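Novice: Mind having a look at this structure? Questions to follow.
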Amino acid sequence: MRCPTCKKDNTLRPWEGLTTVMGVEVEGRGQRCRSCGEILIELTERGRQERLAAEHLVDRGIRSGVEFKFVRKLAGLRANEVADMFGVRKETVSRWERGEVEIPRTAAYALGELFAHPKLTRQRLEAFAQP
Ligand SMILES: [Zn+2]
């Protein structure tokens with residue numbers, strides 16, 4: 001395999017170390033180019049790292065719109081789904097994610113629960129929406 005950055009052949013070697021995802025350091029593995037130092041990470045491995053980073057953010061508390069959006073996407077939720085479940089308008093979720101409005105702590109917490117326990121949390125939130 002050829003390094004996509006420096007285009008040299010046979011310079012990639014297995015690599016393990018710390019990598020930063022969304023400001024969170026997680027253990028990662030991939031391949032590193034001996035020539036230019038580029039680190040290549042497969043998509044499935046990147047997905048695993050993103051989940052680890054999201055778990056960390058949820059444990060320490062989602063603090064920004066960027067983090068909220070990151071966790072929401074990894075939870076497989078669209079902004080309008082989150083809005084429906086939380087009883088707010090879609091525009092409100094957009095404002096949280098753009099950092100225009102502070103995210104209510106309860107919403108940040110509920111998103112973390114949706115990420116950690118998707119089915120149960122969804123059922124419980126939807127129960128509130130019943131007439
Ligand atoms: Zn290279």
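Labeling convention for the structure tokens: chains A, B, ... as they appear, residues from 1 per chain, ligands from 1 in order of appearance.
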Can you tell me which residues sit at most 8 Å away from ligand 1, counting only C-alpha atoms and all ligand atoms, written as a count of residues only?

Specialist: 16

Novice: Find the residues near A:Arg72: any atom within 8 Å, counting only C-alpha atoms, skip ones fewer than 6 places away on the same chain, and give them as a VMD selection string.

Specialist: chain A and resid 78 to 79 111 115

Novice: Write the residues you've just listed into a file as a CSV table (one decimal), in the first residue's frame, and include C-alpha atoms for each of them.

Specialist:
chain,number,residue,atom,x,y,z
A,78,ARG,CA,-31.7,13.7,13.5
A,79,ALA,CA,-32.1,17.2,15.0
A,111,LEU,CA,-28.9,13.3,25.1
A,115,PHE,CA,-26.5,7.8,23.5

Novice: Where in chain A does DSSP assign strand (DSSP E or B), given as a PyMOL selection string?

Specialist: chain A and resi 2+9+12-21+24-33+39-40

Novice: Dump C-alpha atoms for the selected residues as a short mmCIF file (atom, residue, chain, number, x, y, z; two decimals), in the first residue's frame?

Specialist:
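Produced file result.cif, reproduced below:
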data_model
loop_
_atom_site.label_atom_id
_atom_site.label_comp_id
_atom_site.auth_asym_id
_atom_site.auth_seq_id
_atom_site.Cartn_x
_atom_site.Cartn_y
_atom_site.Cartn_z
CA ARG A 2 1.14 3.49 -0.85
CA ASP A 9 5.47 2.76 -1.39
CA LEU A 12 3.32 2.15 6.22
CA ARG A 13 3.77 0.26 9.48
CA PRO A 14 1.25 -0.75 12.16
CA TRP A 15 0.79 2.00 14.72
CA GLU A 16 -0.82 2.24 18.17
CA GLY A 17 -1.01 5.29 20.35
CA LEU A 18 -3.11 8.15 21.58
CA THR A 19 -5.17 10.08 19.11
CA THR A 20 -7.44 13.06 19.71
CA VAL A 21 -11.11 12.90 18.76
CA VAL A 24 -10.67 13.75 23.83
CA GLU A 25 -7.56 11.55 23.85
CA VAL A 26 -8.40 7.94 23.04
CA GLU A 27 -6.30 4.84 22.40
CA GLY A 28 -6.12 4.24 18.70
CA ARG A 29 -4.52 1.99 16.16
CA GLY A 30 -3.81 2.28 12.50
CA GLN A 31 -0.83 2.62 10.23
CA ARG A 32 1.92 5.21 10.31
CA CYS A 33 4.09 6.27 7.40
CA ILE A 39 -1.20 8.26 10.49
CA LEU A 40 -3.93 6.38 8.64
#

Novice: Under the rule that only C-alpha atoms are counted, which of A:Glu126, A:Glu45, A:Glu67, A:Glu50 is the nearest residue to A:Phe86?

Specialist: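 Among the listed residues, A:Glu126 lies closest to A:Phe86.
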
Novice: Here is a test: counting only C-alpha atoms, which residue of A:Met1, A:Val101, A:Ala110, A:Ala127 is nearest to A:Val58?

Specialist: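 Counting only C-alpha atoms, the residue closest to A:Val58 is A:Ala110.
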
Novice: Name the residues in contact with A:Ala108 at a cut-off of 8 Å, using only C-alpha atoms, excluding same-chain residues fewer than 3 positions from it; report them as a ChimeraX atom specification.

Specialist: /A:61-63,68,103-105,111-112

Novice: Please write the residues from the selection above to a file, keeping N, CA and C atoms, as a short mmCIF file (atom, residue, chain, number, x, y, z; two decimals), in the first residue's frame.

Specialist:
data_model
loop_
_atom_site.label_atom_id
_atom_site.label_comp_id
_atom_site.auth_asym_id
_atom_site.auth_seq_id
_atom_site.Cartn_x
_atom_site.Cartn_y
_atom_site.Cartn_z
N GLY A 61 -20.05 15.18 30.93
CA GLY A 61 -21.07 16.19 30.70
C GLY A 61 -20.84 16.95 29.40
N ILE A 62 -21.82 16.92 28.52
CA ILE A 62 -21.73 17.63 27.24
C ILE A 62 -21.76 19.13 27.54
N ARG A 63 -20.76 19.87 27.04
CA ARG A 63 -20.61 21.28 27.43
C ARG A 63 -20.79 22.27 26.30
N PHE A 68 -22.58 18.49 21.59
CA PHE A 68 -23.97 18.02 21.54
C PHE A 68 -24.26 17.40 20.17
N ILE A 103 -27.15 25.31 26.15
CA ILE A 103 -27.92 24.06 26.17
C ILE A 103 -28.38 23.80 27.61
N PRO A 104 -29.70 23.62 27.81
CA PRO A 104 -30.16 23.31 29.17
C PRO A 104 -29.47 22.03 29.65
N ARG A 105 -29.06 22.02 30.92
CA ARG A 105 -28.35 20.85 31.43
C ARG A 105 -29.18 19.58 31.31
N LEU A 111 -29.62 13.78 26.26
CA LEU A 111 -28.94 13.31 25.06
C LEU A 111 -27.91 12.24 25.41
N GLY A 112 -27.21 12.45 26.52
CA GLY A 112 -26.25 11.44 26.98
C GLY A 112 -26.93 10.11 27.27
#

Novice: Mind the document's chain letters and residue numbers, and return as a VMD selection string the residues of chain A that DSSP labels alpha helix (DSSP H).

Specialist: chain A and resid 43 to 60 65 to 74 79 to 86 90 to 98 105 to 116 118 to 128

Novice: Using only C-alpha atoms, can you tell me which of A:Ala107, A:Ile41, A:Ala116, A:Val82 comes closest to A:His56?

Specialist: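 Comparing A:Ala107, A:Ile41, A:Ala116, A:Val82 against A:His56, the winner is A:Ala116.
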
Novice: What is the atom CA of A:Gln123-atom CA of A:Ala83 distance in Å, reported with one decimal?

Specialist: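 According to the coordinates, atom CA of A:Gln123 and atom CA of A:Ala83 are separated by 14.9 Å.
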
Novice: For atom CA of A:Glu100 and atom CA of A:Ser64, determine how far apart the two atoms are, in Å to one decimal place.

Specialist: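 Distance between the two atoms: 10.2 Å.
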
Novice: Would you list the contacts of A:Phe128 as a ChimeraX atom specification, taking every protein, DNA or RNA residue within 10 Å and counting only C-alpha atoms, but skipping same-chain residues closer than 3 positions in sequence?

Specialist: /A:85-87,123-125,131

Novice: Emit the selected residues as a PDB file, in the first residue's frame, including C-alpha atoms.

Specialist:
ATOM      1  CA  MET A  85     -38.419  13.949  22.124  1.00  0.00           C
ATOM      2  CA  PHE A  86     -37.330  16.970  24.175  1.00  0.00           C
ATOM      3  CA  GLY A  87     -40.480  18.963  23.419  1.00  0.00           C
ATOM      4  CA  GLN A 123     -39.440   4.927  25.270  1.00  0.00           C
ATOM      5  CA  ARG A 124     -39.395   7.006  28.434  1.00  0.00           C
ATOM      6  CA  LEU A 125     -39.184  10.321  26.603  1.00  0.00           C
ATOM      7  CA  PRO A 131     -51.864  12.784  25.647  1.00  0.00           C
TER       8      PRO A 131
END

Novice: For a test of reading the model, state the distance in Å between atom CA of A:Asp59 and atom CA of A:Arg95, rounded to one decimal.

Specialist: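 That distance, rounded to one decimal, is 23.1 Å.
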
Novice: List the spatial neighbours of A:Asn80 as a PDB file with C-alpha atoms, in the first residue's frame - criterion: any atom at most 9 Å away, only C-alpha atoms, same-chain residues fewer than 5 positions off excluded.

Specialist:
ATOM      1  CA  MET A  85     -38.419  13.949  22.124  1.00  0.00           C
ATOM      2  CA  ARG A  89     -38.620  23.199  18.195  1.00  0.00           C
ATOM      3  CA  LYS A  90     -36.026  22.026  15.676  1.00  0.00           C
ATOM      4  CA  GLU A  91     -34.687  25.604  15.483  1.00  0.00           C
ATOM      5  CA  VAL A  93     -31.765  22.396  18.745  1.00  0.00           C
TER       6      VAL A  93
END
